[in-house]
Amino acid sequence: MIEGARRTSPRRKLAKRVAAAAVATAIAGFAAVKFADIWRGEPYPVADPTVTAHRLDVQTQAVYDALALPPSAGLDPRWPGEGITADTLECHLRGLGHLLENMNDSPPSEPYTSDIGDSWALGGVTRPQAQDALERARQTLTRAGWAVLSYDNGNAQQLQLRLRPPAAARATEGDTVSVALYPGDRLAVSASADCARYPDGTSANAEGEPESLPAPAAPAQLRHR
């Protein structure tokens with residue numbers, strides 16, 4: 001009687017089989033969903049390029065203010081900067097399904113997607129002036145919550161400071177601002193944001209770049225000199 005009582009009933013065996021099948025089906029479904037996500041790739045975030053451009057302009061303005069350069073440091077007439085730009089070439093198709101395409105010398109870009117940049121350059125900034133200015137900017141901006149990503153201000157051939165704005169002044173971790181001294185006493189400042197897809201209804205040109213971007217090419221104090 002005891003041995004008979006310990007036997008598993010057919011009904012209980014069936015319940016175990018049903019439960020095991022349900023677990024296996026759930027695991028297979030989860031794996032299929034994950035593989036589909038990997039195959040398609042993570043979609044690019046959506047961001048209004050005009051809003052991004054204004055944000056980067058504000059960031060470079062903050063850096064200019066922190067550099068506290070003398071009034072003699074005006075726009076470099078040889079290369080004053082590119083202003084606001086949109087680059088679609090680095091925003092490649094995502095996902096395992098596009099692996100072979102992305103291995104080409106000129107991989108295709110994600111449609112209606114670009115990374116926005118802002119750049120300008122000052123002339124007449126000597127190396128000692130640049131060293132002092134970069135150190136001032138580093139101290140001022142870190143106190144304001146900026147993070148230093150790299151800093152070469154000693155015997156490096158090129159003086160350079162690269163920062164990430166505080167969370168309140170950026171949309172993603174991808175926002176960065178760089179300051180670098182180039183030959184000819186040219187101090188260049190540039191900001192960039194991660195690739196982002198345009199919202200529906202955004203006008204774009206034949207190259208897929210957003211139209212009607214603002215065109216700041218310098219800090220506000222120098223734009224009308």
# chains A, B, ... in the order shown; residues from 1 in each chain; ligands from 1
>>> residues_around(residues="Gly124 (chain A)", least_positions_apart="5", cutoff="8 Å", atoms="only C-alpha atoms", output="VMD selection string")
chain A and resid 72 to 74 76 184 to 186
>>> write_last_selection(atoms="N, CA and C atoms", output="short mmCIF file (atom, residue, chain, number, x, y, z; two decimals), in the first residue's frame")
data_model
loop_
_atom_site.label_atom_id
_atom_site.label_comp_id
_atom_site.auth_asym_id
_atom_site.auth_seq_id
_atom_site.Cartn_x
_atom_site.Cartn_y
_atom_site.Cartn_z
N SER A 72 41.57 90.06 -27.87
CA SER A 72 42.33 89.92 -29.12
C SER A 72 42.11 88.58 -29.80
N ALA A 73 41.57 87.62 -29.07
CA ALA A 73 41.31 86.29 -29.65
C ALA A 73 39.99 86.32 -30.40
N GLY A 74 40.07 86.65 -31.69
CA GLY A 74 38.86 86.70 -32.52
C GLY A 74 38.76 85.50 -33.41
N ASP A 76 39.26 83.04 -36.34
CA ASP A 76 40.41 82.80 -37.21
C ASP A 76 39.98 83.03 -38.66
N GLY A 184 49.78 77.53 -35.80
CA GLY A 184 49.34 78.84 -36.25
C GLY A 184 48.51 79.57 -35.22
N ASP A 185 48.63 79.15 -33.95
CA ASP A 185 47.90 79.83 -32.85
C ASP A 185 46.39 79.82 -33.07
N ARG A 186 45.89 78.67 -33.53
CA ARG A 186 44.44 78.54 -33.76
C ARG A 186 43.84 77.63 -32.69
#
>>> residues_around(residues="Pro199 (chain A)", least_positions_apart="3", cutoff="8 Å", atoms="only C-alpha atoms", output="list in words")
Val46, Ala47, Asp48 and Thr202 of chain A
>>> closest_residue(among="A:Tyr44, A:Trp79, A:Tyr112, A:Trp146", to="Gln59 (chain A)", atoms="only C-alpha atoms")
A:Trp146
>>> select_by_dssp(residues="region 49-210 of chain A", states="helix (DSSP H, G or I)", output="PyMOL selection string")
chain A and resi 49-67+96-102+127-143+167-169
>>> residues_around(residues="Arg138 (chain A)", least_positions_apart="5", cutoff="10 Å", atoms="only C-alpha atoms", output="ChimeraX atom specification")
/A:63,66-67,132-133,143-144,146-148,151,161-163
>>> atom_distance(atom1="CA of Val51 (chain A)", atom2="CA of Leu141 (chain A)")
22.4 Å
>>> residues_around(residues="Pro216 (chain A)", least_positions_apart="4", cutoff="12 Å", atoms="only C-alpha atoms", output="PDB file with N, CA, C and O atoms, in the first residue's frame")
ATOM      1  N   THR A  50      17.154  70.532 -34.886  1.00  0.00           N
ATOM      2  CA  THR A  50      17.250  71.949 -34.536  1.00  0.00           C
ATOM      3  C   THR A  50      17.435  72.132 -33.038  1.00  0.00           C
ATOM      4  O   THR A  50      18.237  72.954 -32.589  1.00  0.00           O
ATOM      5  N   ALA A  53      20.972  71.200 -32.250  1.00  0.00           N
ATOM      6  CA  ALA A  53      21.906  72.246 -32.676  1.00  0.00           C
ATOM      7  C   ALA A  53      21.951  73.392 -31.659  1.00  0.00           C
ATOM      8  O   ALA A  53      23.031  73.887 -31.307  1.00  0.00           O
ATOM      9  N   HIS A  54      20.800  73.812 -31.186  1.00  0.00           N
ATOM     10  CA  HIS A  54      20.762  74.890 -30.189  1.00  0.00           C
ATOM     11  C   HIS A  54      21.437  74.436 -28.891  1.00  0.00           C
ATOM     12  O   HIS A  54      22.125  75.236 -28.231  1.00  0.00           O
ATOM     13  N   ARG A  55      21.242  73.179 -28.523  1.00  0.00           N
ATOM     14  CA  ARG A  55      21.870  72.674 -27.295  1.00  0.00           C
ATOM     15  C   ARG A  55      23.399  72.695 -27.423  1.00  0.00           C
ATOM     16  O   ARG A  55      24.103  73.123 -26.499  1.00  0.00           O
ATOM     17  N   LEU A  56      23.919  72.248 -28.551  1.00  0.00           N
ATOM     18  CA  LEU A  56      25.368  72.257 -28.752  1.00  0.00           C
ATOM     19  C   LEU A  56      25.913  73.681 -28.778  1.00  0.00           C
ATOM     20  O   LEU A  56      27.017  73.945 -28.289  1.00  0.00           O
ATOM     21  N   ASP A  57      25.154  74.590 -29.352  1.00  0.00           N
ATOM     22  CA  ASP A  57      25.577  75.996 -29.385  1.00  0.00           C
ATOM     23  C   ASP A  57      25.717  76.539 -27.971  1.00  0.00           C
ATOM     24  O   ASP A  57      26.678  77.255 -27.650  1.00  0.00           O
ATOM     25  N   VAL A  58      24.776  76.204 -27.121  1.00  0.00           N
ATOM     26  CA  VAL A  58      24.836  76.641 -25.719  1.00  0.00           C
ATOM     27  C   VAL A  58      26.061  76.042 -25.033  1.00  0.00           C
ATOM     28  O   VAL A  58      26.751  76.711 -24.240  1.00  0.00           O
ATOM     29  N   THR A  60      28.998  75.101 -26.438  1.00  0.00           N
ATOM     30  CA  THR A  60      30.239  75.752 -26.867  1.00  0.00           C
ATOM     31  C   THR A  60      30.331  77.175 -26.317  1.00  0.00           C
ATOM     32  O   THR A  60      31.422  77.673 -26.046  1.00  0.00           O
ATOM     33  N   GLN A  61      29.197  77.818 -26.147  1.00  0.00           N
ATOM     34  CA  GLN A  61      29.191  79.163 -25.540  1.00  0.00           C
ATOM     35  C   GLN A  61      29.692  79.088 -24.105  1.00  0.00           C
ATOM     36  O   GLN A  61      30.471  79.945 -23.655  1.00  0.00           O
ATOM     37  N   PRO A  80      37.372  79.899 -39.785  1.00  0.00           N
ATOM     38  CA  PRO A  80      36.563  80.364 -38.662  1.00  0.00           C
ATOM     39  C   PRO A  80      35.669  79.274 -38.064  1.00  0.00           C
ATOM     40  O   PRO A  80      35.072  79.479 -37.012  1.00  0.00           O
ATOM     41  N   GLY A  81      35.575  78.124 -38.752  1.00  0.00           N
ATOM     42  CA  GLY A  81      34.730  77.046 -38.271  1.00  0.00           C
ATOM     43  C   GLY A  81      33.625  76.720 -39.252  1.00  0.00           C
ATOM     44  O   GLY A  81      33.380  77.461 -40.209  1.00  0.00           O
ATOM     45  N   GLU A  82      32.967  75.616 -39.009  1.00  0.00           N
ATOM     46  CA  GLU A  82      31.909  75.161 -39.915  1.00  0.00           C
ATOM     47  C   GLU A  82      30.513  75.495 -39.423  1.00  0.00           C
ATOM     48  O   GLU A  82      29.534  75.236 -40.115  1.00  0.00           O
ATOM     49  N   GLY A  83      30.397  76.042 -38.236  1.00  0.00           N
ATOM     50  CA  GLY A  83      29.066  76.300 -37.701  1.00  0.00           C
ATOM     51  C   GLY A  83      28.354  74.997 -37.377  1.00  0.00           C
ATOM     52  O   GLY A  83      28.964  74.013 -36.975  1.00  0.00           O
ATOM     53  N   ILE A  84      27.053  74.984 -37.558  1.00  0.00           N
ATOM     54  CA  ILE A  84      26.251  73.795 -37.284  1.00  0.00           C
ATOM     55  C   ILE A  84      26.250  72.884 -38.513  1.00  0.00           C
ATOM     56  O   ILE A  84      25.966  73.326 -39.619  1.00  0.00           O
ATOM     57  N   THR A  85      26.571  71.620 -38.311  1.00  0.00           N
ATOM     58  CA  THR A  85      26.607  70.655 -39.413  1.00  0.00           C
ATOM     59  C   THR A  85      25.840  69.390 -39.042  1.00  0.00           C
ATOM     60  O   THR A  85      25.626  69.095 -37.861  1.00  0.00           O
ATOM     61  N   GLY A 117      26.776  68.529 -35.278  1.00  0.00           N
ATOM     62  CA  GLY A 117      27.995  69.093 -34.721  1.00  0.00           C
ATOM     63  C   GLY A 117      27.988  70.607 -34.784  1.00  0.00           C
ATOM     64  O   GLY A 117      27.207  71.220 -35.515  1.00  0.00           O
ATOM     65  N   ASP A 118      28.853  71.206 -33.999  1.00  0.00           N
ATOM     66  CA  ASP A 118      29.009  72.665 -33.984  1.00  0.00           C
ATOM     67  C   ASP A 118      30.489  72.952 -33.789  1.00  0.00           C
ATOM     68  O   ASP A 118      31.129  72.382 -32.891  1.00  0.00           O
ATOM     69  N   SER A 119      31.071  73.797 -34.649  1.00  0.00           N
ATOM     70  CA  SER A 119      32.501  74.079 -34.516  1.00  0.00           C
ATOM     71  C   SER A 119      32.818  75.519 -34.914  1.00  0.00           C
ATOM     72  O   SER A 119      32.176  76.087 -35.799  1.00  0.00           O
ATOM     73  N   TRP A 120      33.809  76.087 -34.238  1.00  0.00           N
ATOM     74  CA  TRP A 120      34.339  77.404 -34.578  1.00  0.00           C
ATOM     75  C   TRP A 120      35.770  77.477 -34.076  1.00  0.00           C
ATOM     76  O   TRP A 120      36.213  76.631 -33.284  1.00  0.00           O
ATOM     77  N   SER A 190      34.797  72.461 -30.653  1.00  0.00           N
ATOM     78  CA  SER A 190      33.796  71.687 -31.391  1.00  0.00           C
ATOM     79  C   SER A 190      32.940  70.884 -30.420  1.00  0.00           C
ATOM     80  O   SER A 190      33.413  70.450 -29.368  1.00  0.00           O
ATOM     81  N   ALA A 220      28.519  84.043 -29.168  1.00  0.00           N
ATOM     82  CA  ALA A 220      27.652  85.200 -29.423  1.00  0.00           C
ATOM     83  C   ALA A 220      28.438  86.508 -29.447  1.00  0.00           C
ATOM     84  O   ALA A 220      28.128  87.412 -30.229  1.00  0.00           O
ATOM     85  N   GLN A 221      29.479  86.622 -28.613  1.00  0.00           N
ATOM     86  CA  GLN A 221      30.243  87.865 -28.539  1.00  0.00           C
ATOM     87  C   GLN A 221      31.013  88.169 -29.816  1.00  0.00           C
ATOM     88  O   GLN A 221      31.419  89.303 -30.048  1.00  0.00           O
ATOM     89  N   LEU A 222      31.255  87.158 -30.650  1.00  0.00           N
ATOM     90  CA  LEU A 222      32.106  87.343 -31.834  1.00  0.00           C
ATOM     91  C   LEU A 222      31.344  87.261 -33.156  1.00  0.00           C
ATOM     92  O   LEU A 222      31.950  87.444 -34.201  1.00  0.00           O
ATOM     93  N   ARG A 223      30.078  86.999 -33.124  1.00  0.00           N
ATOM     94  CA  ARG A 223      29.349  86.739 -34.378  1.00  0.00           C
ATOM     95  C   ARG A 223      29.178  87.959 -35.252  1.00  0.00           C
ATOM     96  O   ARG A 223      28.970  87.832 -36.461  1.00  0.00           O
ATOM     97  N   HIS A 224      29.273  89.123 -34.697  1.00  0.00           N
ATOM     98  CA  HIS A 224      29.044  90.335 -35.505  1.00  0.00           C
ATOM     99  C   HIS A 224      30.308  91.185 -35.611  1.00  0.00           C
ATOM    100  O   HIS A 224      30.222  92.350 -35.979  1.00  0.00           O
TER     101      HIS A 224
END
